[in-house]
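Coordinates from protein_27.csv are shown below (CSV, C-alpha atoms).
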chain,number,residue,atom,x,y,z
O,25,MET,CA,0.0,0.0,0.0
O,26,GLY,CA,3.0,2.3,-0.3
O,27,LYS,CA,2.9,5.2,-2.7
O,28,VAL,CA,5.0,5.6,-5.8
O,29,ARG,CA,6.2,8.7,-7.5
O,30,VAL,CA,4.0,9.5,-10.6
O,31,GLU,CA,4.1,12.0,-13.5
O,32,THR,CA,3.3,15.4,-12.1
O,33,PHE,CA,-0.1,15.9,-13.8
O,34,LYS,CA,-1.2,12.3,-13.9
O,35,TYR,CA,-4.0,13.0,-11.4
O,36,LEU,CA,-4.7,16.6,-12.5
O,37,ASP,CA,-8.4,16.0,-13.3
O,38,GLU,CA,-9.0,14.0,-10.1
O,39,THR,CA,-7.3,16.7,-8.1
O,40,ILE,CA,-9.3,19.6,-9.5
O,41,LYS,CA,-12.5,17.6,-9.2
O,42,ARG,CA,-11.9,16.8,-5.5
O,43,MET,CA,-10.9,20.4,-4.9
O,44,ARG,CA,-14.2,21.6,-6.2
O,45,SER,CA,-16.3,19.0,-4.3
O,46,GLY,CA,-15.3,18.6,-0.7
O,47,GLY,CA,-11.8,20.0,-0.8
O,48,LEU,CA,-8.2,19.0,-0.4
O,49,LEU,CA,-6.0,18.9,2.7
O,50,LEU,CA,-3.1,21.4,2.9
O,51,VAL,CA,-0.4,20.3,5.4
O,52,SER,CA,2.2,22.8,6.5
O,53,VAL,CA,4.9,22.7,9.1
O,54,GLY,CA,6.6,25.2,11.3
O,55,ARG,CA,10.2,25.6,12.3
O,56,ASP,CA,9.5,23.4,15.4
O,57,GLY,CA,8.5,20.5,13.1
O,58,ARG,CA,4.8,20.4,14.3
O,59,PRO,CA,2.5,20.0,11.3
O,60,ASN,CA,-0.9,21.5,10.8
O,61,VAL,CA,-3.7,20.7,8.3
O,62,MET,CA,-6.4,22.8,6.8
O,63,THR,CA,-9.1,22.2,4.2
O,64,ILE,CA,-8.7,24.1,0.9
O,65,GLY,CA,-11.2,24.6,-1.9
O,66,TRP,CA,-9.1,26.8,-4.1
O,67,GLY,CA,-5.8,26.2,-6.0
O,68,LEU,CA,-4.1,26.7,-9.3
O,69,LEU,CA,-2.0,24.1,-11.1
O,70,GLY,CA,0.2,24.3,-14.2
O,71,VAL,CA,3.5,25.5,-15.5
O,72,MET,CA,5.4,28.7,-14.7
O,73,TRP,CA,9.1,29.6,-15.1
O,74,ARG,CA,9.6,26.2,-16.9
O,75,LYS,CA,8.6,24.4,-13.7
O,76,THR,CA,5.4,22.9,-12.4
O,77,PHE,CA,3.4,24.7,-9.7
O,78,PHE,CA,0.6,24.2,-7.2
O,79,VAL,CA,-0.6,27.6,-6.0
O,80,VAL,CA,-2.5,27.8,-2.7
O,81,ALA,CA,-4.2,30.8,-1.0
O,82,VAL,CA,-4.1,31.3,2.8
O,83,ARG,CA,-5.6,34.1,4.8
O,84,HIS,CA,-3.3,36.1,7.1
O,85,SER,CA,-5.4,35.1,10.1
O,86,ARG,CA,-4.8,31.4,9.7
O,87,TYR,CA,-2.3,29.3,11.7
O,88,THR,CA,-1.2,27.8,8.4
O,89,HIS,CA,-0.1,31.3,7.3
O,90,LYS,CA,2.3,31.5,10.2
O,91,LEU,CA,3.8,28.1,9.4
O,92,LEU,CA,4.2,28.8,5.7
O,93,GLU,CA,5.9,32.1,6.5
O,94,GLU,CA,8.3,30.0,8.7
O,95,THR,CA,9.3,27.2,6.3
O,96,GLY,CA,7.4,27.7,3.0
O,97,GLU,CA,7.0,23.9,2.6
O,98,PHE,CA,3.7,22.1,2.2
O,99,THR,CA,1.9,19.1,0.9
O,100,VAL,CA,-1.5,19.0,-0.8
O,101,ASN,CA,-3.4,15.8,-0.1
O,102,VAL,CA,-6.3,14.4,-2.1
O,103,PRO,CA,-8.5,12.8,0.4
O,104,GLY,CA,-9.8,9.2,0.1
O,105,GLU,CA,-13.4,8.0,0.4
O,106,GLY,CA,-15.0,8.5,3.8
O,107,MET,CA,-12.9,11.5,4.8
O,108,GLU,CA,-15.8,14.0,4.7
O,109,GLU,CA,-15.8,14.6,8.5
O,110,VAL,CA,-12.0,15.2,8.4
O,111,LEU,CA,-12.5,17.8,5.6
O,112,ARG,CA,-15.3,19.5,7.6
O,113,TYR,CA,-13.3,19.5,10.8
O,114,CYS,CA,-10.1,20.8,9.2
O,115,GLY,CA,-12.0,23.6,7.6
O,116,THR,CA,-13.6,24.7,10.9
O,117,VAL,CA,-11.1,24.7,13.8
O,118,SER,CA,-7.7,26.3,14.1
O,119,GLY,CA,-4.3,24.7,14.6
O,120,ARG,CA,-3.6,27.3,17.2
O,121,ASP,CA,-6.2,25.7,19.4
O,122,TYR,CA,-6.2,22.0,18.4
O,123,ASP,CA,-3.7,19.4,17.2
O,124,LYS,CA,-5.9,18.3,14.3
O,125,PHE,CA,-3.8,15.3,13.5
O,126,ALA,CA,-4.3,14.0,17.0
O,127,GLU,CA,-8.0,15.0,17.3
O,128,LYS,CA,-8.9,13.2,14.1
O,129,GLY,CA,-6.5,10.3,14.3
O,130,LEU,CA,-4.6,11.4,11.2
O,131,ARG,CA,-1.2,9.8,10.8
O,132,PRO,CA,1.5,12.1,9.3
O,133,VAL,CA,3.9,10.3,6.9
O,134,PRO,CA,7.3,12.1,6.5
O,135,GLY,CA,7.7,14.0,3.3
O,136,ARG,CA,10.2,12.8,0.8
O,137,ASP,CA,11.1,16.1,-0.7
O,138,VAL,CA,9.9,18.6,2.0
O,139,ARG,CA,9.7,18.8,5.7
O,140,ALA,CA,5.9,18.9,5.7
O,141,PRO,CA,4.4,15.4,6.1
O,142,SER,CA,1.6,13.9,4.0
O,143,ILE,CA,-1.5,12.3,5.5
O,144,GLU,CA,-1.9,8.5,5.5
O,145,GLY,CA,-5.1,7.5,3.9
O,146,CYS,CA,-4.9,10.1,1.2
O,147,PRO,CA,-4.3,8.2,-2.1
O,148,ILE,CA,-2.5,11.1,-3.9
O,149,HIS,CA,-0.4,14.0,-2.6
O,150,TYR,CA,1.8,16.8,-3.9
O,151,GLU,CA,5.1,17.9,-2.2
O,152,CYS,CA,5.8,21.6,-2.7
O,153,ARG,CA,8.3,24.3,-1.8
O,154,THR,CA,7.3,28.0,-2.1
O,155,ALA,CA,9.3,29.7,-4.8
O,156,PHE,CA,7.2,32.9,-5.1
O,157,LYS,CA,4.4,34.5,-3.1
O,158,VAL,CA,1.9,37.2,-3.7
O,159,GLU,CA,0.0,39.4,-1.3
O,160,VAL,CA,-3.6,40.2,-2.3
O,161,GLU,CA,-3.6,43.9,-1.6
O,162,PRO,CA,-6.7,46.0,-0.9
O,163,GLY,CA,-8.1,47.3,-4.2
O,164,ALA,CA,-6.1,45.0,-6.4
O,165,LEU,CA,-8.7,42.4,-7.1
O,166,GLU,CA,-11.7,43.0,-9.4
O,167,ARG,CA,-14.2,44.9,-7.3
O,168,GLU,CA,-17.1,42.4,-7.4
O,169,LEU,CA,-14.8,39.7,-6.0
O,170,GLU,CA,-13.1,41.9,-3.5
O,171,VAL,CA,-16.5,42.8,-2.0
O,172,GLU,CA,-17.6,39.2,-1.9
O,173,ILE,CA,-14.4,37.6,-0.5
O,174,TYR,CA,-12.9,40.3,1.7
O,175,PRO,CA,-15.7,41.9,3.7
O,176,SER,CA,-13.5,41.7,6.8
O,177,ARG,CA,-10.3,42.6,5.0
O,178,ASP,CA,-8.7,39.3,6.0
O,179,TYR,CA,-6.6,39.0,2.8
O,180,HIS,CA,-4.9,36.0,1.3
O,181,THR,CA,-1.3,35.3,0.6
O,182,LEU,CA,-0.9,33.2,-2.6
O,183,TYR,CA,2.0,30.7,-2.1
O,184,TYR,CA,3.4,29.4,-5.4
O,185,GLY,CA,4.6,26.0,-4.5
O,186,ARG,CA,7.1,24.4,-6.9
O,187,ILE,CA,6.0,20.8,-7.2
O,188,LEU,CA,9.0,18.6,-6.2
O,189,GLY,CA,7.1,15.3,-6.3
O,190,VAL,CA,3.7,13.8,-6.7
O,191,TYR,CA,3.0,10.4,-5.1
O,192,ALA,CA,0.1,8.1,-5.5
O,193,ARG,CA,-1.1,4.7,-4.3
O,194,GLU,CA,-1.3,2.6,-7.4
O,195,ASP,CA,-2.9,-0.7,-6.6
W,18,MET,CA,-18.4,22.5,-37.1
W,19,GLY,CA,-19.5,25.3,-34.7
W,20,LYS,CA,-18.2,25.2,-31.1
W,21,VAL,CA,-20.4,24.6,-28.1
W,22,ARG,CA,-20.0,25.9,-24.6
W,23,VAL,CA,-18.6,23.1,-22.3
W,24,GLU,CA,-17.9,22.6,-18.6
W,25,THR,CA,-14.9,24.7,-17.6
W,26,PHE,CA,-12.4,22.0,-16.9
W,27,LYS,CA,-13.7,19.4,-19.4
W,28,TYR,CA,-10.5,19.7,-21.4
W,29,LEU,CA,-8.1,20.4,-18.6
W,30,ASP,CA,-5.8,17.5,-19.2
W,31,GLU,CA,-5.7,18.1,-23.0
W,32,THR,CA,-5.0,21.8,-22.4
W,33,ILE,CA,-2.0,21.2,-20.0
W,34,LYS,CA,-0.7,18.5,-22.3
W,35,ARG,CA,-0.7,20.8,-25.3
W,36,MET,CA,0.7,23.6,-23.3
W,37,ARG,CA,3.7,21.5,-22.4
W,38,SER,CA,4.3,20.1,-25.9
W,39,GLY,CA,4.2,22.8,-28.6
W,40,GLY,CA,2.3,25.5,-26.7
W,41,LEU,CA,-1.1,27.3,-26.8
W,42,LEU,CA,-2.1,30.5,-28.6
W,43,LEU,CA,-2.8,33.6,-26.5
W,44,VAL,CA,-4.9,36.1,-28.3
W,45,SER,CA,-5.3,39.7,-26.9
W,46,VAL,CA,-6.8,42.8,-28.3
W,47,GLY,CA,-6.1,46.5,-27.9
W,48,ARG,CA,-8.5,49.4,-27.6
W,49,ASP,CA,-8.4,49.8,-31.3
W,50,GLY,CA,-9.8,46.3,-31.8
W,51,ARG,CA,-6.8,44.8,-33.6
W,52,PRO,CA,-6.0,41.4,-32.2
W,53,ASN,CA,-2.5,39.9,-31.7
W,54,VAL,CA,-1.5,36.3,-31.1
W,55,MET,CA,1.5,34.8,-29.3
W,56,THR,CA,2.5,31.3,-28.4
W,57,ILE,CA,2.6,30.4,-24.7
W,58,GLY,CA,4.1,27.4,-22.9
W,59,TRP,CA,3.2,28.5,-19.4
W,60,GLY,CA,-0.1,28.9,-17.6
W,61,LEU,CA,-2.0,28.0,-14.4
W,62,LEU,CA,-5.6,26.7,-14.2
W,63,GLY,CA,-7.9,26.2,-11.3
W,64,VAL,CA,-10.1,27.9,-8.7
W,65,MET,CA,-9.5,31.1,-6.8
W,66,TRP,CA,-11.9,33.5,-5.1
W,67,ARG,CA,-14.7,31.0,-5.8
W,68,LYS,CA,-14.2,31.4,-9.6
W,69,THR,CA,-12.3,29.5,-12.2
W,70,PHE,CA,-9.1,31.1,-13.6
W,71,PHE,CA,-6.5,30.8,-16.4
W,72,VAL,CA,-3.3,32.6,-15.4
W,73,VAL,CA,-1.0,33.7,-18.2
W,74,ALA,CA,2.5,35.3,-18.0
W,75,VAL,CA,3.6,38.0,-20.4
W,76,ARG,CA,6.9,39.8,-20.4
W,77,HIS,CA,6.9,43.6,-20.4
W,78,SER,CA,8.7,43.8,-23.7
W,79,ARG,CA,5.9,42.0,-25.6
W,80,TYR,CA,3.3,43.6,-27.7
W,81,THR,CA,0.7,41.4,-26.0
W,82,HIS,CA,1.6,43.2,-22.7
W,83,LYS,CA,0.6,46.5,-24.2
W,84,LEU,CA,-2.7,45.1,-25.4
W,85,LEU,CA,-3.5,43.4,-22.1
W,86,GLU,CA,-2.8,46.6,-20.2
W,87,GLU,CA,-5.3,48.3,-22.5
W,88,THR,CA,-8.2,45.8,-22.3
W,89,GLY,CA,-7.3,42.9,-20.0
W,90,GLU,CA,-9.3,40.5,-22.2
W,91,PHE,CA,-7.9,37.5,-23.9
W,92,THR,CA,-8.6,34.0,-25.3
W,93,VAL,CA,-6.4,31.0,-24.9
W,94,ASN,CA,-6.6,28.7,-27.9
W,95,VAL,CA,-5.6,25.0,-27.9
W,96,PRO,CA,-4.2,24.4,-31.4
W,97,GLY,CA,-5.3,21.6,-33.7
W,98,GLU,CA,-3.2,19.2,-35.6
W,99,GLY,CA,-0.8,20.6,-38.2
W,100,MET,CA,-0.5,24.0,-36.5
W,101,GLU,CA,3.2,23.5,-35.5
W,102,GLU,CA,4.4,26.2,-38.0
W,103,VAL,CA,1.9,28.7,-36.6
W,104,LEU,CA,3.1,28.0,-33.0
W,105,ARG,CA,6.7,28.4,-34.1
W,106,TYR,CA,6.0,31.7,-36.0
W,107,CYS,CA,3.8,33.2,-33.2
W,108,GLY,CA,6.5,32.5,-30.7
W,109,THR,CA,9.1,34.2,-32.8
W,110,VAL,CA,7.9,37.5,-34.3
W,111,SER,CA,6.3,40.5,-32.7
W,112,GLY,CA,2.8,41.9,-33.3
W,113,ARG,CA,4.5,45.3,-33.4
W,114,ASP,CA,6.1,44.4,-36.7
W,115,TYR,CA,3.7,41.9,-38.2
W,116,ASP,CA,0.0,41.2,-38.4
W,117,LYS,CA,0.4,37.5,-37.5
W,118,PHE,CA,-3.3,36.7,-38.3
W,119,ALA,CA,-2.8,38.0,-41.8
W,120,GLU,CA,0.7,36.5,-42.3
W,121,LYS,CA,-0.4,33.0,-41.3
W,122,GLY,CA,-3.9,33.2,-42.7
W,123,LEU,CA,-5.4,32.8,-39.3
W,124,ARG,CA,-9.1,33.7,-39.1
W,125,PRO,CA,-10.3,35.5,-36.0
W,126,VAL,CA,-13.7,34.4,-34.7
W,127,PRO,CA,-15.4,37.1,-32.6
W,128,GLY,CA,-15.4,36.3,-28.8
W,129,ARG,CA,-18.7,35.5,-27.2
W,130,ASP,CA,-17.8,36.8,-23.7
W,131,VAL,CA,-14.8,39.1,-24.4
W,132,ARG,CA,-13.6,41.5,-27.1
W,133,ALA,CA,-10.6,39.3,-28.0
W,134,PRO,CA,-11.3,36.8,-30.8
W,135,SER,CA,-10.6,33.1,-30.9
W,136,ILE,CA,-8.8,31.4,-33.8
W,137,GLU,CA,-10.7,29.3,-36.3
W,138,GLY,CA,-9.1,25.9,-36.5
W,139,CYS,CA,-8.4,25.6,-32.8
W,140,PRO,CA,-10.8,23.0,-31.4
W,141,ILE,CA,-10.9,24.3,-27.8
W,142,HIS,CA,-10.6,27.9,-26.5
W,143,TYR,CA,-11.0,29.8,-23.2
W,144,GLU,CA,-12.4,33.3,-23.0
W,145,CYS,CA,-11.0,35.3,-20.1
W,146,ARG,CA,-11.1,38.7,-18.4
W,147,THR,CA,-8.3,39.8,-16.2
W,148,ALA,CA,-9.5,40.2,-12.5
W,149,PHE,CA,-6.1,40.4,-10.8
W,150,LYS,CA,-2.6,40.9,-11.9
W,151,VAL,CA,0.8,40.4,-10.4
W,152,GLU,CA,4.2,42.0,-11.3
W,153,VAL,CA,7.2,39.7,-10.8
W,154,GLU,CA,9.5,42.0,-9.1
W,155,PRO,CA,13.3,41.7,-9.0
W,156,GLY,CA,14.4,39.5,-6.1
W,157,ALA,CA,10.9,38.1,-5.4
W,158,LEU,CA,11.3,34.8,-7.2
W,159,GLU,CA,13.4,31.9,-5.9
W,160,ARG,CA,17.0,32.8,-6.8
W,161,GLU,CA,17.7,29.7,-9.0
W,162,LEU,CA,14.7,30.6,-11.2
W,163,GLU,CA,15.3,34.3,-11.2
W,164,VAL,CA,18.8,33.7,-12.6
W,165,GLU,CA,17.6,31.3,-15.2
W,166,ILE,CA,14.5,33.2,-16.4
W,167,TYR,CA,15.4,36.8,-16.0
W,168,PRO,CA,19.0,37.3,-17.1
W,169,SER,CA,18.0,40.4,-19.0
W,170,ARG,CA,15.6,41.7,-16.4
W,171,ASP,CA,12.6,41.5,-18.8
W,172,TYR,CA,10.1,40.6,-16.1
W,173,HIS,CA,6.6,39.1,-16.5
W,174,THR,CA,3.2,40.3,-15.5
W,175,LEU,CA,0.9,37.5,-14.4
W,176,TYR,CA,-2.6,38.1,-15.7
W,177,TYR,CA,-5.3,36.2,-13.7
W,178,GLY,CA,-8.0,35.7,-16.3
W,179,ARG,CA,-11.4,34.8,-14.9
W,180,ILE,CA,-12.7,32.2,-17.2
W,181,LEU,CA,-16.0,33.4,-18.6
W,182,GLY,CA,-16.5,30.6,-21.1
W,183,VAL,CA,-14.9,27.5,-22.6
W,184,TYR,CA,-15.9,26.4,-26.1
W,185,ALA,CA,-15.1,23.3,-28.0
W,186,ARG,CA,-15.8,21.6,-31.2
W,187,GLU,CA,-17.6,18.4,-30.3
W,188,ASP,CA,-18.0,16.3,-33.4
Just dump the structure as structure tokens.
Amino acid sequence: MGKVRVETFKYLDETIKRMRSGGLLLVSVGRDGRPNVMTIGWGLLGVMWRKTFFVVAVRHSRYTHKLLEETGEFTVNVPGEGMEEVLRYCGTVSGRDYDKFAEKGLRPVPGRDVRAPSIEGCPIHYECRTAFKVEVEPGALERELEVEIYPSRDYHTLYYGRILGVYARED
Amino acid sequence: MGKVRVETFKYLDETIKRMRSGGLLLVSVGRDGRPNVMTIGWGLLGVMWRKTFFVVAVRHSRYTHKLLEETGEFTVNVPGEGMEEVLRYCGTVSGRDYDKFAEKGLRPVPGRDVRAPSIEGCPIHYECRTAFKVEVEPGALERELEVEIYPSRDYHTLYYGRILGVYARED
């Protein structure tokens, strides 16, 4: 049941589909090595600067933001069947208050290319290192979206994660 | 042989595959209505701010940059078989010096959602309006990539195109 390294975009369709229905699990890690996990419903995938990228967006208020500012390394995990409650929980509570891995019995598996672990039970995951980041500044986004997404001015940082490896369980 | 509107990410795999082998055709249009086309090998697709996006990168020196600064509207066209010479040509010469549509006998088809036209003969295309843009500033990108991509300091602007429609020939 071990994972093998696969072609970067082999599971692109599956990844985008799961992102849009239920979400993906973003795992980051701080300098102290303690990981945190949050549910994400947004992300961009593709090619930039001749490399492959997974871009994730994290609001400044999030605990994940603090960890990404510390190390810039993360994994994006495509959940397996029956993980709906994990997705709900990890999109609701903060890693400042709870150890979500412990609370939900999630087992971290050490990353192969980054310090952030992946999550056992997720059949596909991406290992990424931030190579570029963008602050969404007030007034920069199309007005209709700015009003809808930032009523409380809790802006996102966009982390451009260079994809160092993609791993999947291929049974 | 007309195109129909399709689900946004129906041809995601095909689009990324063609982007990585040969390239896609980015069509922009200026305030004067004259379109220009350039070949692109980079791009990001996915979800951001609850909408779907196609992000393209254009260097400041490009004629396309001038046009996108004027209108922000563009189409991304997935080429059909036998368009290798068009891809080569549109990645080599500048729209400042040549009318690439005329030179290569490309027929512009009016956009349905944007002012920029699509290209007849391309079986799939995306119609996009810029909702956000990012300047790649000196020193912001991971050093290894900055050295490789920007030796002459001709930086990119990243245009986040909100996907207003995707159209495909479905025979």
(message) My list of candidates is W:Val75, W:Ile136, W:Leu175, W:Ala148. Which is closest to Met100 (chain W) when distances are computed with all atoms listed in the file?
(response) W:Ile136
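Across W:Phe149, W:Gly97, W:Val73, W:Tyr106, the tightest approach to Glu170 (chain O) is made by W:Phe149 when counting all atoms listed in the file.
Close contacts of Ser52 (chain O), defined as residues with an atom at most 7 Å away when counting all atoms listed in the file, with chain neighbours fewer than 2 positions off set aside, comprise Leu50, Gly54, Pro59, Asn60, Val61, Thr88, Leu91, Leu92, Glu97, Phe98, Thr99 and Ala140 of chain O.
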(request) Pull out every residue of chain O sitting within 9 Å of chain W, counting all atoms listed in the file, and send them as an NGL selection string. (result) :O and (33-34 or 36-37 or 40-41 or 43-44 or 65-75 or 77-81 or 154-158 or 160 or 164-167 or 169-170 or 172-173)
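Shortest separation to Gly119 (chain O) among O:Arg139, O:Lys90, O:His84, O:His149 occurs at residue O:Lys90, atoms counted being only C-alpha atoms.
Interatomic distance, CA of Arg79 (chain W) to CA of Ser111 (chain W): 7.3 Å.
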(message) Can you tell me which residues surround Arg131 (chain O) at a distance of at most 9 Å, considering all atoms listed in the file, apart from same-chain residues fewer than 5 positions away, and format the answer as JSON, numbers by chain?
(response) {"O": [125, 126, 142, 143, 144, 145]}
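Nearest to Gly46 (chain O) of all the residues O:Leu130, O:Val138, O:Val190, O:Leu111 is O:Leu111, based on all atoms listed in the file.
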